[in-house]
Amino acid sequence: MGKRINRQSVVTLLGVLLVYAIVQGSILMDILPPFVALTLIQVCIFIILSTSLNLINGITGQFSIGHAGFMAIGAYMAAIVVVKFQGPLMLALLAGALVSALAGFLIGLPTLRLKGDYLAIATLGFGEIVRIIFLNMEYVGGASGFSVPKTITWTWAFWLMVISVIIIRNFIYSTHGRACISIRENEIAADVMGINTTKYKIMAFTIGAFFAGLAGGIYANYLYIIQPLTFSFLKSFDILVMVVLGGLGSLTGSILGAVVMTVVSAALSGWPEWRLVITAILLIVMMIFRPKGLLGTKEFSLSFLGKKGEKNASSKD
Amino acid sequence: MPLLRIEKLSKSFGGLKAVSNLNIEINEGELIGLIGPNGAGKTTAFNLLTGVYEQTEGKILFQDKDMRGLKPYHVTQRGMARTFQNIRLFSDLSVIDNVKIAYHQRSSYGIFSAFLRLPSYYAGEEEMQRKAMELLKIFNLDHKAEEIAKNLPYGEQRRLEIARALGTEPKLLLLDEPAAGMNPQETHDLMNLIRWIREKFKLTILLIEHDMSLVMGVCERIYVLDYGMIIAQGAPDEIKSNPKVIEAYLGEEVV
Amino acid sequence: MGNVTEQVLQQIVNGLSLGSIYALVALGYTMVYGIIKLINFAHGDVMMVGAYAGWFATTTLHLSFIPALLIAMVVSAILGVLIERIAYKPLRNATRIASLITAIGVSFFLEYGGMLVVSPQMRTYPPVFPDTIWNVGGIIIKYGDIVMILTSIILMILLHVIVKYSKIGKAMRAVSFDNEAALLMGINVNNTISATFAIGSALAAAAGVLMGVYFNTINPLMGIIPGLKAFVAAVLGGIGIIPGAMVGGFFLGLTESFVSGLGASTWRDAVAFLILILVLIIKPSGLFGKNIREKV
């Protein structure tokens, strides 16, 4: 206790800096193929999406399959600020995230009385409603899409991702994060232990939606165009797969899931049907043989590498 | 002024009256037993007290305040904590995290301190760690602080559940069959522990129990519940010889 | 005024046709949920497979409507049983979420595996029925409408008889009421669950064939939206309750055709999901359901 900087955080920090420097260096030297650059930015976007969904599904034990809906809100809001009001990028991203968080709060209020599969279906319905609303909004281009200038660089995407992960991690390893975990473990006991379960469920939903909105904003300002179809149930499914494969409740698992799935998707991008068939089989097999995902609720830790170093998500550094 | 006053409390599920016209008064510092045969409505009474169910009729006054309509977490924040008949630990979490979660409601830092790891985060976490370890030490569980709760032996799980309830810093502690599944030696130790924590934490305790020896041994006053109604009340000796109680427990040995 | 009445009646006819599809699919959702508490996400895709089986029977085998319908029902029934045995059975004691994730996986597997097998392109159903159209006082009733509504009503009556009077139907009700008690009473739970999947999938296949016949085109992703809507219908009626699924299906079909009739057809899907969320919030047990509380 009291030791605020330990070996593991130093190693992690060095690793993060190294990854950034290698990619940034290759960009500056102009040796990074555009396809790889795109994939790397997508990895950042999906890490934000998967870790934020994990906060809702893995840490708090709720079950949302409408994450693409929050992403859409963030993407469109950020795009509106940039295109319609010529606002700066930072403001656009923040606005997207905040509006998405507000949506998370509002949808959380009534739906979080639901449990398990009922909640899942309600969030799916929410995601689809969001998509249909944008489809019908001529102000943002309707079905044909909304063009946004590309202003996101690797530096932006990478550091926003790092900051998001740190904030989510800090939340999880605090008394508030423990309150969320207690809901996952046993909701009735959590309630009786004085934890306002509704408040913490809504909090998890709001924070999760905030970061999904941020990811949406990054996406909108990188991909030139956003279309309602991008944010369909298929996108929510992709994010869910990352979280589930990595391990519900494991932050490092979600990061791993996002990296692996994004890279695999990129590699199989010429054969989209195969990609989805393989993903589906992987998911089924995983649920049957290792339902807790690769890492379960454990965290993958660098400093104990080789000793099969796993730590419990809920215990402190 | 009694700490807890239950007046004409009733609860029906559909047509079934699980608890009817319950009147109980508990003064500060008392150790009271609530006994009765299986299905008498004891756990329902606890669920009513802790806000898990809402009463159909009647009043629950805790420190002279009406508790009607309060959610369980609210009841706990007002100073009433409980354990469960079927242990409900956070079984996949460490022992110390179980207790820290109970301390959550007294936590001193907000979510932005948590996000940004401000100094108040570190101060708050250190205080919680210290308090949780102190509590575990009292229950002789400190050397198992990092173990996963479900890996503890049964008796220790029961103790942890009491420790966790105390983590909420209650004035009134409700114990739902704490000796269930324990052998006589463990029950005996538990009796001493209950007496001791009452002194140490200046607690008032209401105990539901099936095990008569435990109740007769520690409680100062006993209420006997049968078919949702109080059929007798008084000191352990009076209860033992009360014909109504013997009838309710017919076929069972009354110590 | 007469015009408005005509419009309303016309939408009722359309709504009943659409609703009968939803109802047939919703029955499978509800039966499976009733018996193993699983939202069988892949159910809409089983319907799609049925539609393809029917298409194959009518085009390649040149069969007429009823034999094609029966073939489709048999194919889907087998598929349903296989899915249950391979993907769901190992998870029977897992968390509901694990089962739900698996079901979503199966759904994607069928959709995109289907694309690999039959190609993503749309297929056209041959005209199985005469394109007779009756004009009853300004209301247009197609031959297809009659067949659709009649077929689904016949199948629903059949299902009702099976569930109520047959041995397997009684077993199904027993298992859905209390799995373990049914097992103790000597009911073969595994076979009963398989039978439920078979019957539910066969009904979905019938819906798939009817959809193909009615709308002419089919594709590997055709099951997603009707599947979700049928689920909405099942929740609306109270999931696990068979008559509820029928009422929910027709209710949803009628609502949708009225929304379209009011010129808001692009909002049609949003309305269905809005109904879903409202039902879940206001009365999650559905119109005919009872609320159940967890025992403390």
# chains A, B, ... in the order shown; residues from 1 in each chain; ligands from 1
call {"tool": "interface_residues", "arguments": {"of": "chain B", "to": "chain C", "cutoff": "12 Å", "atoms": "only C-alpha atoms", "output": "list in words"}}
result
Phe13, Thr43, Thr44, Ala45, Phe46, Asn47, Leu48, Thr50, Gly51, Val52, Tyr53, Thr83, Phe84, Gln85, Asn86, Ile87, Arg88 and Asp176 of chain B
call {"tool": "write_last_selection", "arguments": {"atoms": "N, CA and C atoms", "output": "short mmCIF file (atom, residue, chain, number, x, y, z; two decimals), in the first residue's frame"}}
result
data_model
loop_
_atom_site.label_atom_id
_atom_site.label_comp_id
_atom_site.auth_asym_id
_atom_site.auth_seq_id
_atom_site.Cartn_x
_atom_site.Cartn_y
_atom_site.Cartn_z
N PHE B 13 -48.89 -12.49 0.88
CA PHE B 13 -48.56 -12.81 -0.52
C PHE B 13 -49.83 -13.37 -1.11
N THR B 43 -38.04 -15.32 8.44
CA THR B 43 -37.25 -14.66 7.40
C THR B 43 -38.07 -13.58 6.71
N THR B 44 -39.37 -13.81 6.57
CA THR B 44 -40.23 -12.77 6.00
C THR B 44 -40.15 -11.52 6.87
N ALA B 45 -40.15 -11.71 8.18
CA ALA B 45 -40.05 -10.57 9.08
C ALA B 45 -38.76 -9.80 8.83
N PHE B 46 -37.66 -10.53 8.66
CA PHE B 46 -36.37 -9.88 8.35
C PHE B 46 -36.42 -9.14 7.02
N ASN B 47 -37.03 -9.79 6.04
CA ASN B 47 -37.12 -9.15 4.73
C ASN B 47 -37.95 -7.88 4.79
N LEU B 48 -38.96 -7.87 5.66
CA LEU B 48 -39.75 -6.65 5.83
C LEU B 48 -38.91 -5.57 6.49
N THR B 50 -35.71 -5.17 6.47
CA THR B 50 -34.59 -4.65 5.69
C THR B 50 -35.03 -4.10 4.34
N GLY B 51 -36.33 -4.00 4.11
CA GLY B 51 -36.79 -3.35 2.89
C GLY B 51 -36.78 -4.23 1.67
N VAL B 52 -36.50 -5.53 1.85
CA VAL B 52 -36.54 -6.43 0.69
C VAL B 52 -38.00 -6.60 0.26
N TYR B 53 -38.90 -6.70 1.25
CA TYR B 53 -40.33 -6.67 0.96
C TYR B 53 -40.93 -5.40 1.58
N THR B 83 -27.44 -10.50 7.95
CA THR B 83 -26.83 -11.63 7.25
C THR B 83 -27.97 -12.47 6.69
N PHE B 84 -27.62 -13.45 5.88
CA PHE B 84 -28.64 -14.27 5.25
C PHE B 84 -28.58 -15.71 5.75
N GLN B 85 -29.75 -16.32 5.72
CA GLN B 85 -29.84 -17.73 6.13
C GLN B 85 -28.99 -18.59 5.20
N ASN B 86 -29.16 -18.38 3.89
CA ASN B 86 -28.30 -19.04 2.92
C ASN B 86 -27.23 -18.03 2.56
N ILE B 87 -26.04 -18.23 3.04
CA ILE B 87 -24.95 -17.24 2.93
C ILE B 87 -24.93 -16.58 1.55
N ARG B 88 -24.90 -15.26 1.57
CA ARG B 88 -24.82 -14.53 0.31
C ARG B 88 -23.58 -13.66 0.29
N ASP B 176 -29.65 -13.89 10.55
CA ASP B 176 -30.63 -14.89 10.12
C ASP B 176 -30.00 -16.27 10.21
#
call {"tool": "closest_atom_pairs", "arguments": {"of": "chain A", "to": "chain C", "cutoff": "9 Å", "atoms": "only C-alpha atoms", "output": "JSON lines"}}
result
{"residue": "A:Phe63", "atom": "CA", "partner": "C:Ile97", "partner_atom": "CA", "distance": 7.7}
{"residue": "A:Pro110", "atom": "CA", "partner": "C:Ile281", "partner_atom": "CA", "distance": 6.4}
{"residue": "A:Thr111", "atom": "CA", "partner": "C:Ile281", "partner_atom": "CA", "distance": 6.2}
{"residue": "A:Leu112", "atom": "CA", "partner": "C:Ile281", "partner_atom": "CA", "distance": 9.0}
{"residue": "A:Arg113", "atom": "CA", "partner": "C:Ile281", "partner_atom": "CA", "distance": 7.5}
{"residue": "A:Leu114", "atom": "CA", "partner": "C:Ile281", "partner_atom": "CA", "distance": 7.4}
{"residue": "A:Gly116", "atom": "CA", "partner": "C:Ile97", "partner_atom": "CA", "distance": 6.7}
{"residue": "A:Asp117", "atom": "CA", "partner": "C:Ile97", "partner_atom": "CA", "distance": 6.6}
{"residue": "A:Tyr118", "atom": "CA", "partner": "C:Leu280", "partner_atom": "CA", "distance": 7.3}
{"residue": "A:Leu119", "atom": "CA", "partner": "C:Leu280", "partner_atom": "CA", "distance": 8.4}
{"residue": "A:Ala120", "atom": "CA", "partner": "C:Ile97", "partner_atom": "CA", "distance": 8.9}
{"residue": "A:Ile121", "atom": "CA", "partner": "C:Ile277", "partner_atom": "CA", "distance": 8.4}
{"residue": "A:Ala122", "atom": "CA", "partner": "C:Ile277", "partner_atom": "CA", "distance": 5.4}
{"residue": "A:Thr123", "atom": "CA", "partner": "C:Ile277", "partner_atom": "CA", "distance": 8.4}
{"residue": "A:Leu124", "atom": "CA", "partner": "C:Phe273", "partner_atom": "CA", "distance": 8.6}
{"residue": "A:Gly125", "atom": "CA", "partner": "C:Phe273", "partner_atom": "CA", "distance": 5.0}
{"residue": "A:Phe126", "atom": "CA", "partner": "C:Phe273", "partner_atom": "CA", "distance": 7.3}
{"residue": "A:Glu128", "atom": "CA", "partner": "C:Ala270", "partner_atom": "CA", "distance": 7.0}
{"residue": "A:Ile129", "atom": "CA", "partner": "C:Ala270", "partner_atom": "CA", "distance": 5.0}
{"residue": "A:Val130", "atom": "CA", "partner": "C:Ala270", "partner_atom": "CA", "distance": 8.5}
{"residue": "A:Arg131", "atom": "CA", "partner": "C:Ala270", "partner_atom": "CA", "distance": 8.9}
{"residue": "A:Ile132", "atom": "CA", "partner": "C:Ala270", "partner_atom": "CA", "distance": 6.3}
{"residue": "A:Ile133", "atom": "CA", "partner": "C:Ala270", "partner_atom": "CA", "distance": 7.9}
{"residue": "A:Leu135", "atom": "CA", "partner": "C:Thr266", "partner_atom": "CA", "distance": 8.4}
{"residue": "A:Asn136", "atom": "CA", "partner": "C:Thr266", "partner_atom": "CA", "distance": 7.2}
{"residue": "A:Ile188", "atom": "CA", "partner": "C:Val296", "partner_atom": "CA", "distance": 8.0}
{"residue": "A:Phe237", "atom": "CA", "partner": "C:Ile104", "partner_atom": "CA", "distance": 8.3}
{"residue": "A:Leu240", "atom": "CA", "partner": "C:Ile101", "partner_atom": "CA", "distance": 8.8}
{"residue": "A:Val241", "atom": "CA", "partner": "C:Ile101", "partner_atom": "CA", "distance": 8.7}
{"residue": "A:Val244", "atom": "CA", "partner": "C:Ile101", "partner_atom": "CA", "distance": 8.5}
{"residue": "A:Pro272", "atom": "CA", "partner": "C:Tyr112", "partner_atom": "CA", "distance": 8.6}
{"residue": "A:Glu273", "atom": "CA", "partner": "C:Tyr112", "partner_atom": "CA", "distance": 5.2}
{"residue": "A:Trp274", "atom": "CA", "partner": "C:Tyr112", "partner_atom": "CA", "distance": 7.4}
{"residue": "A:Arg275", "atom": "CA", "partner": "C:Tyr112", "partner_atom": "CA", "distance": 8.8}
{"residue": "A:Leu276", "atom": "CA", "partner": "C:Tyr112", "partner_atom": "CA", "distance": 6.3}
{"residue": "A:Val277", "atom": "CA", "partner": "C:Phe109", "partner_atom": "CA", "distance": 5.0}
{"residue": "A:Ile278", "atom": "CA", "partner": "C:Phe109", "partner_atom": "CA", "distance": 8.0}
{"residue": "A:Thr279", "atom": "CA", "partner": "C:Gly105", "partner_atom": "CA", "distance": 7.8}
{"residue": "A:Ala280", "atom": "CA", "partner": "C:Gly105", "partner_atom": "CA", "distance": 4.5}
{"residue": "A:Ile281", "atom": "CA", "partner": "C:Gly105", "partner_atom": "CA", "distance": 6.8}
{"residue": "A:Leu282", "atom": "CA", "partner": "C:Gly105", "partner_atom": "CA", "distance": 8.4}
{"residue": "A:Leu283", "atom": "CA", "partner": "C:Gly105", "partner_atom": "CA", "distance": 6.0}
{"residue": "A:Ile284", "atom": "CA", "partner": "C:Thr102", "partner_atom": "CA", "distance": 5.0}
{"residue": "A:Val285", "atom": "CA", "partner": "C:Ala87", "partner_atom": "CA", "distance": 8.3}
{"residue": "A:Met286", "atom": "CA", "partner": "C:Thr102", "partner_atom": "CA", "distance": 8.8}
{"residue": "A:Met287", "atom": "CA", "partner": "C:Ala98", "partner_atom": "CA", "distance": 6.1}
{"residue": "A:Ile288", "atom": "CA", "partner": "C:Leu91", "partner_atom": "CA", "distance": 6.2}
{"residue": "A:Phe289", "atom": "CA", "partner": "C:Pro90", "partner_atom": "CA", "distance": 8.9}
{"residue": "A:Pro291", "atom": "CA", "partner": "C:Ala98", "partner_atom": "CA", "distance": 6.5}
{"residue": "A:Lys292", "atom": "CA", "partner": "C:Ala98", "partner_atom": "CA", "distance": 8.6}
call {"tool": "atom_distance", "arguments": {"atom1": "CA of Glu185 (chain A)", "atom2": "CA of Gln62 (chain A)"}}
result
11.0 Å
call {"tool": "atom_distance", "arguments": {"atom1": "CA of Met229 (chain B)", "atom2": "CA of Leu16 (chain B)"}}
result
13.0 Å
call {"tool": "interface_residues", "arguments": {"of": "chain B", "to": "chain A", "cutoff": "6 Å", "atoms": "only C-alpha atoms", "output": "list in words"}}
result
Pro72, Tyr73, Thr76, Gln77, Phe90, Ala102, Ala114 and Phe115 of chain B
call {"tool": "select_by_dssp", "arguments": {"residues": "region 130-246 of chain B", "states": "alpha helix (DSSP H)", "output": "PyMOL selection string"}}
result
chain B and resi 130-138+154-167+184-201+212-218+236-241+243-246
call {"tool": "residues_around", "arguments": {"residues": "Ser152 (chain C)", "least_positions_apart": "3", "cutoff": "8 Å", "atoms": "only C-alpha atoms", "output": "list of chain:residue names"}}
result
C:Ser20, C:Ile21, C:Leu24, C:Met148, C:Ile149, C:Leu155, C:Met156, C:Ala207
call {"tool": "residues_around", "arguments": {"residues": "Gly261 (chain C)", "least_positions_apart": "3", "cutoff": "9 Å", "atoms": "only C-alpha atoms", "output": "PDB file with C-alpha atoms, in the first residue's frame"}}
result
ATOM      1  CA  GLN C   7     -58.162   2.257 -45.823  1.00  0.00           C
ATOM      2  CA  VAL C   8     -58.516   0.906 -42.317  1.00  0.00           C
ATOM      3  CA  GLN C  11     -54.582  -2.245 -43.460  1.00  0.00           C
ATOM      4  CA  GLU C 256     -46.941  -2.148 -38.439  1.00  0.00           C
ATOM      5  CA  SER C 257     -49.347  -2.040 -41.309  1.00  0.00           C
ATOM      6  CA  PHE C 258     -51.114   0.928 -39.747  1.00  0.00           C
ATOM      7  CA  ALA C 264     -44.315   6.359 -42.061  1.00  0.00           C
ATOM      8  CA  SER C 265     -43.033   3.062 -43.362  1.00  0.00           C
TER       9      SER C 265
END
call {"tool": "residues_around", "arguments": {"residues": "region 238-248 of chain B", "least_positions_apart": "2", "cutoff": "12 Å", "atoms": "only C-alpha atoms", "output": "VMD selection string"}}
result
chain B and resid 33 to 40 212 to 213 215 to 217 219 to 227 229 to 236 250 to 255
call {"tool": "write_last_selection", "arguments": {"atoms": "C-alpha atoms", "output": "PDB file, in the first residue's frame"}}
result
ATOM      1  CA  GLY B  33     -34.163 -13.830  19.730  1.00  0.00           C
ATOM      2  CA  LEU B  34     -36.911 -14.498  17.240  1.00  0.00           C
ATOM      3  CA  ILE B  35     -37.698 -18.178  17.063  1.00  0.00           C
ATOM      4  CA  GLY B  36     -40.342 -20.367  15.577  1.00  0.00           C
ATOM      5  CA  PRO B  37     -40.808 -23.561  13.610  1.00  0.00           C
ATOM      6  CA  ASN B  38     -39.958 -23.706   9.916  1.00  0.00           C
ATOM      7  CA  GLY B  39     -42.237 -21.564   7.802  1.00  0.00           C
ATOM      8  CA  ALA B  40     -43.363 -19.460  10.753  1.00  0.00           C
ATOM      9  CA  MET B 212     -32.713 -23.511  20.507  1.00  0.00           C
ATOM     10  CA  SER B 213     -29.576 -23.947  22.544  1.00  0.00           C
ATOM     11  CA  VAL B 215     -31.038 -18.732  21.445  1.00  0.00           C
ATOM     12  CA  MET B 216     -31.587 -19.839  25.026  1.00  0.00           C
ATOM     13  CA  GLY B 217     -27.895 -19.322  25.706  1.00  0.00           C
ATOM     14  CA  CYS B 219     -30.700 -13.983  24.177  1.00  0.00           C
ATOM     15  CA  GLU B 220     -32.132 -11.839  26.933  1.00  0.00           C
ATOM     16  CA  ARG B 221     -35.619 -11.871  25.574  1.00  0.00           C
ATOM     17  CA  ILE B 222     -37.271 -14.108  23.037  1.00  0.00           C
ATOM     18  CA  TYR B 223     -40.230 -13.723  20.719  1.00  0.00           C
ATOM     19  CA  VAL B 224     -41.833 -16.894  19.420  1.00  0.00           C
ATOM     20  CA  LEU B 225     -43.442 -16.776  16.017  1.00  0.00           C
ATOM     21  CA  ASP B 226     -45.857 -19.355  14.659  1.00  0.00           C
ATOM     22  CA  TYR B 227     -48.028 -19.073  11.559  1.00  0.00           C
ATOM     23  CA  MET B 229     -48.097 -14.481  14.689  1.00  0.00           C
ATOM     24  CA  ILE B 230     -46.320 -13.915  17.991  1.00  0.00           C
ATOM     25  CA  ILE B 231     -47.482 -16.690  20.291  1.00  0.00           C
ATOM     26  CA  ALA B 232     -45.205 -15.958  23.217  1.00  0.00           C
ATOM     27  CA  GLN B 233     -42.556 -13.584  24.448  1.00  0.00           C
ATOM     28  CA  GLY B 234     -40.339 -13.275  27.477  1.00  0.00           C
ATOM     29  CA  ALA B 235     -37.127 -14.428  29.109  1.00  0.00           C
ATOM     30  CA  PRO B 236     -35.646 -17.759  27.977  1.00  0.00           C
ATOM     31  CA  LEU B 250     -44.372 -30.461  19.234  1.00  0.00           C
ATOM     32  CA  GLY B 251     -42.159 -33.319  18.347  1.00  0.00           C
ATOM     33  CA  GLU B 252     -39.099 -31.134  18.668  1.00  0.00           C
ATOM     34  CA  GLU B 253     -36.969 -30.974  21.713  1.00  0.00           C
ATOM     35  CA  VAL B 254     -37.107 -27.650  23.557  1.00  0.00           C
ATOM     36  CA  VAL B 255     -33.627 -27.855  25.056  1.00  0.00           C
TER      37      VAL B 255
END
call {"tool": "select_by_dssp", "arguments": {"residues": "region 56-298 of chain A", "states": "strand (DSSP E or B)", "output": "PDB file with C-alpha atoms, in the first residue's frame"}}
result
ATOM      1  CA  PHE A 146     -22.713  12.199 -43.731  1.00  0.00           C
ATOM      2  CA  SER A 147     -19.324  13.369 -44.991  1.00  0.00           C
ATOM      3  CA  ILE A 225     -18.144   9.315 -44.103  1.00  0.00           C
ATOM      4  CA  ILE A 226     -20.559   7.842 -41.594  1.00  0.00           C
ATOM      5  CA  LYS A 298      -8.438 -12.199 -14.450  1.00  0.00           C
TER       6      LYS A 298
END
call {"tool": "residues_around", "arguments": {"residues": "region 26-34 of chain C", "least_positions_apart": "5", "cutoff": "9 Å", "atoms": "only C-alpha atoms", "output": "mmCIF file with N, CA and C atoms, in the first residue's frame"}}
result
data_model
loop_
_atom_site.group_PDB
_atom_site.id
_atom_site.type_symbol
_atom_site.label_atom_id
_atom_site.label_comp_id
_atom_site.auth_asym_id
_atom_site.auth_seq_id
_atom_site.Cartn_x
_atom_site.Cartn_y
_atom_site.Cartn_z
ATOM 1 N N ILE C 21 -47.368 -14.297 -40.027
ATOM 2 C CA ILE C 21 -45.959 -14.700 -40.079
ATOM 3 C C ILE C 21 -45.297 -14.489 -38.722
ATOM 4 N N ILE C 39 -33.472 -17.287 -25.070
ATOM 5 C CA ILE C 39 -33.939 -16.534 -26.224
ATOM 6 C C ILE C 39 -33.188 -17.098 -27.414
ATOM 7 N N ASN C 40 -33.868 -17.898 -28.198
ATOM 8 C CA ASN C 40 -33.207 -18.565 -29.321
ATOM 9 C C ASN C 40 -33.046 -17.584 -30.479
ATOM 10 N N PHE C 41 -31.966 -16.823 -30.363
ATOM 11 C CA PHE C 41 -31.719 -15.766 -31.322
ATOM 12 C C PHE C 41 -31.687 -16.256 -32.766
ATOM 13 N N HIS C 43 -33.596 -18.230 -34.194
ATOM 14 C CA HIS C 43 -34.875 -18.726 -34.672
ATOM 15 C C HIS C 43 -35.294 -18.100 -36.002
ATOM 16 N N MET C 156 -51.721 -23.244 -36.127
ATOM 17 C CA MET C 156 -51.869 -22.889 -34.709
ATOM 18 C C MET C 156 -52.865 -23.807 -34.013
ATOM 19 N N MET C 172 -44.115 -31.521 -22.637
ATOM 20 C CA MET C 172 -43.570 -30.182 -22.819
ATOM 21 C C MET C 172 -44.052 -29.241 -21.727
ATOM 22 N N ARG C 173 -45.333 -29.329 -21.430
ATOM 23 C CA ARG C 173 -45.852 -28.437 -20.394
ATOM 24 C C ARG C 173 -45.240 -28.774 -19.042
ATOM 25 N N VAL C 175 -42.246 -30.121 -18.461
ATOM 26 C CA VAL C 175 -40.849 -29.690 -18.388
ATOM 27 C C VAL C 175 -40.772 -28.184 -18.216
ATOM 28 N N SER C 176 -41.641 -27.474 -18.914
ATOM 29 C CA SER C 176 -41.564 -26.020 -18.813
ATOM 30 C C SER C 176 -42.013 -25.555 -17.435
ATOM 31 N N PHE C 177 -42.886 -26.320 -16.805
ATOM 32 C CA PHE C 177 -43.332 -25.946 -15.460
ATOM 33 C C PHE C 177 -42.250 -26.214 -14.428
ATOM 34 N N ILE C 193 -37.255 -31.548 -25.000
ATOM 35 C CA ILE C 193 -36.666 -30.302 -25.479
ATOM 36 C C ILE C 193 -36.445 -30.385 -26.991
ATOM 37 N N THR C 196 -39.618 -29.844 -28.737
ATOM 38 C CA THR C 196 -39.997 -28.435 -28.735
ATOM 39 C C THR C 196 -39.272 -27.685 -29.846
ATOM 40 N N PHE C 197 -37.973 -27.935 -29.957
ATOM 41 C CA PHE C 197 -37.213 -27.276 -31.020
ATOM 42 C C PHE C 197 -37.735 -27.695 -32.386
ATOM 43 N N ILE C 199 -40.764 -28.729 -33.269
ATOM 44 C CA ILE C 199 -42.063 -28.128 -33.575
ATOM 45 C C ILE C 199 -41.914 -26.634 -33.849
ATOM 46 N N GLY C 200 -41.166 -25.956 -32.971
ATOM 47 C CA GLY C 200 -40.965 -24.519 -33.146
ATOM 48 C C GLY C 200 -40.306 -24.208 -34.482
ATOM 49 N N SER C 201 -39.288 -25.000 -34.840
ATOM 50 C CA SER C 201 -38.568 -24.742 -36.089
ATOM 51 C C SER C 201 -39.455 -25.027 -37.296
ATOM 52 N N ALA C 202 -40.291 -26.070 -37.183
ATOM 53 C CA ALA C 202 -41.191 -26.384 -38.290
ATOM 54 C C ALA C 202 -42.167 -25.231 -38.529
ATOM 55 N N LEU C 203 -42.661 -24.650 -37.437
ATOM 56 C CA LEU C 203 -43.568 -23.508 -37.582
ATOM 57 C C LEU C 203 -42.844 -22.334 -38.228
ATOM 58 N N ALA C 204 -41.586 -22.130 -37.821
ATOM 59 C CA ALA C 204 -40.811 -21.040 -38.411
ATOM 60 C C ALA C 204 -40.620 -21.281 -39.905
ATOM 61 N N GLY C 227 -37.371 -12.079 -37.479
ATOM 62 C CA GLY C 227 -37.039 -12.834 -36.271
ATOM 63 C C GLY C 227 -37.114 -11.941 -35.046
ATOM 64 N N LYS C 229 -38.699 -9.176 -34.787
ATOM 65 C CA LYS C 229 -40.065 -8.709 -34.553
ATOM 66 C C LYS C 229 -40.927 -9.805 -33.951
ATOM 67 N N ALA C 230 -40.679 -11.025 -34.394
ATOM 68 C CA ALA C 230 -41.429 -12.129 -33.793
ATOM 69 C C ALA C 230 -41.083 -12.228 -32.322
ATOM 70 N N PHE C 231 -39.816 -11.938 -32.009
ATOM 71 C CA PHE C 231 -39.449 -11.947 -30.602
ATOM 72 C C PHE C 231 -40.220 -10.863 -29.847
ATOM 73 N N VAL C 232 -40.307 -9.676 -30.466
ATOM 74 C CA VAL C 232 -41.098 -8.603 -29.863
ATOM 75 C C VAL C 232 -42.526 -9.102 -29.608
ATOM 76 N N ALA C 233 -43.069 -9.796 -30.609
ATOM 77 C CA ALA C 233 -44.436 -10.316 -30.471
ATOM 78 C C ALA C 233 -44.529 -11.282 -29.302
ATOM 79 N N ALA C 234 -43.517 -12.137 -29.170
ATOM 80 C CA ALA C 234 -43.541 -13.113 -28.088
ATOM 81 C C ALA C 234 -43.479 -12.424 -26.734
ATOM 82 N N VAL C 235 -42.620 -11.394 -26.626
ATOM 83 C CA VAL C 235 -42.512 -10.660 -25.366
ATOM 84 C C VAL C 235 -43.805 -9.929 -25.069
ATOM 85 N N GLY C 238 -46.238 -12.109 -23.655
ATOM 86 C CA GLY C 238 -45.792 -12.786 -22.437
ATOM 87 C C GLY C 238 -44.986 -13.996 -22.829
ATOM 88 N N ILE C 239 -43.674 -13.878 -22.746
ATOM 89 C CA ILE C 239 -42.857 -14.939 -23.312
ATOM 90 C C ILE C 239 -43.041 -16.236 -22.530
ATOM 91 N N GLY C 240 -43.156 -17.337 -23.260
ATOM 92 C CA GLY C 240 -43.432 -18.623 -22.631
ATOM 93 C C GLY C 240 -44.911 -18.991 -22.691
ATOM 94 N N ILE C 241 -45.739 -18.050 -23.135
ATOM 95 C CA ILE C 241 -47.178 -18.300 -23.163
ATOM 96 C C ILE C 241 -47.639 -18.431 -24.618
ATOM 97 N N ILE C 242 -48.123 -19.598 -24.996
ATOM 98 C CA ILE C 242 -48.403 -19.865 -26.406
ATOM 99 C C ILE C 242 -49.509 -18.978 -26.992
ATOM 100 N N PRO C 243 -50.676 -18.861 -26.362
ATOM 101 C CA PRO C 243 -51.676 -17.967 -26.962
ATOM 102 C C PRO C 243 -51.186 -16.524 -27.009
ATOM 103 N N GLY C 244 -50.345 -16.152 -26.040
ATOM 104 C CA GLY C 244 -49.782 -14.803 -26.015
ATOM 105 C C GLY C 244 -48.993 -14.505 -27.275
ATOM 106 N N ALA C 245 -48.216 -15.494 -27.739
ATOM 107 C CA ALA C 245 -47.410 -15.281 -28.945
ATOM 108 C C ALA C 245 -48.303 -15.038 -30.151
ATOM 109 N N MET C 246 -49.412 -15.767 -30.228
ATOM 110 C CA MET C 246 -50.326 -15.565 -31.361
ATOM 111 C C MET C 246 -50.904 -14.160 -31.331
ATOM 112 N N GLY C 248 -49.774 -11.558 -29.736
ATOM 113 C CA GLY C 248 -48.690 -10.599 -29.944
ATOM 114 C C GLY C 248 -48.327 -10.476 -31.406
ATOM 115 N N GLY C 249 -48.262 -11.588 -32.108
ATOM 116 C CA GLY C 249 -47.918 -11.578 -33.525
ATOM 117 C C GLY C 249 -48.911 -10.781 -34.343
#
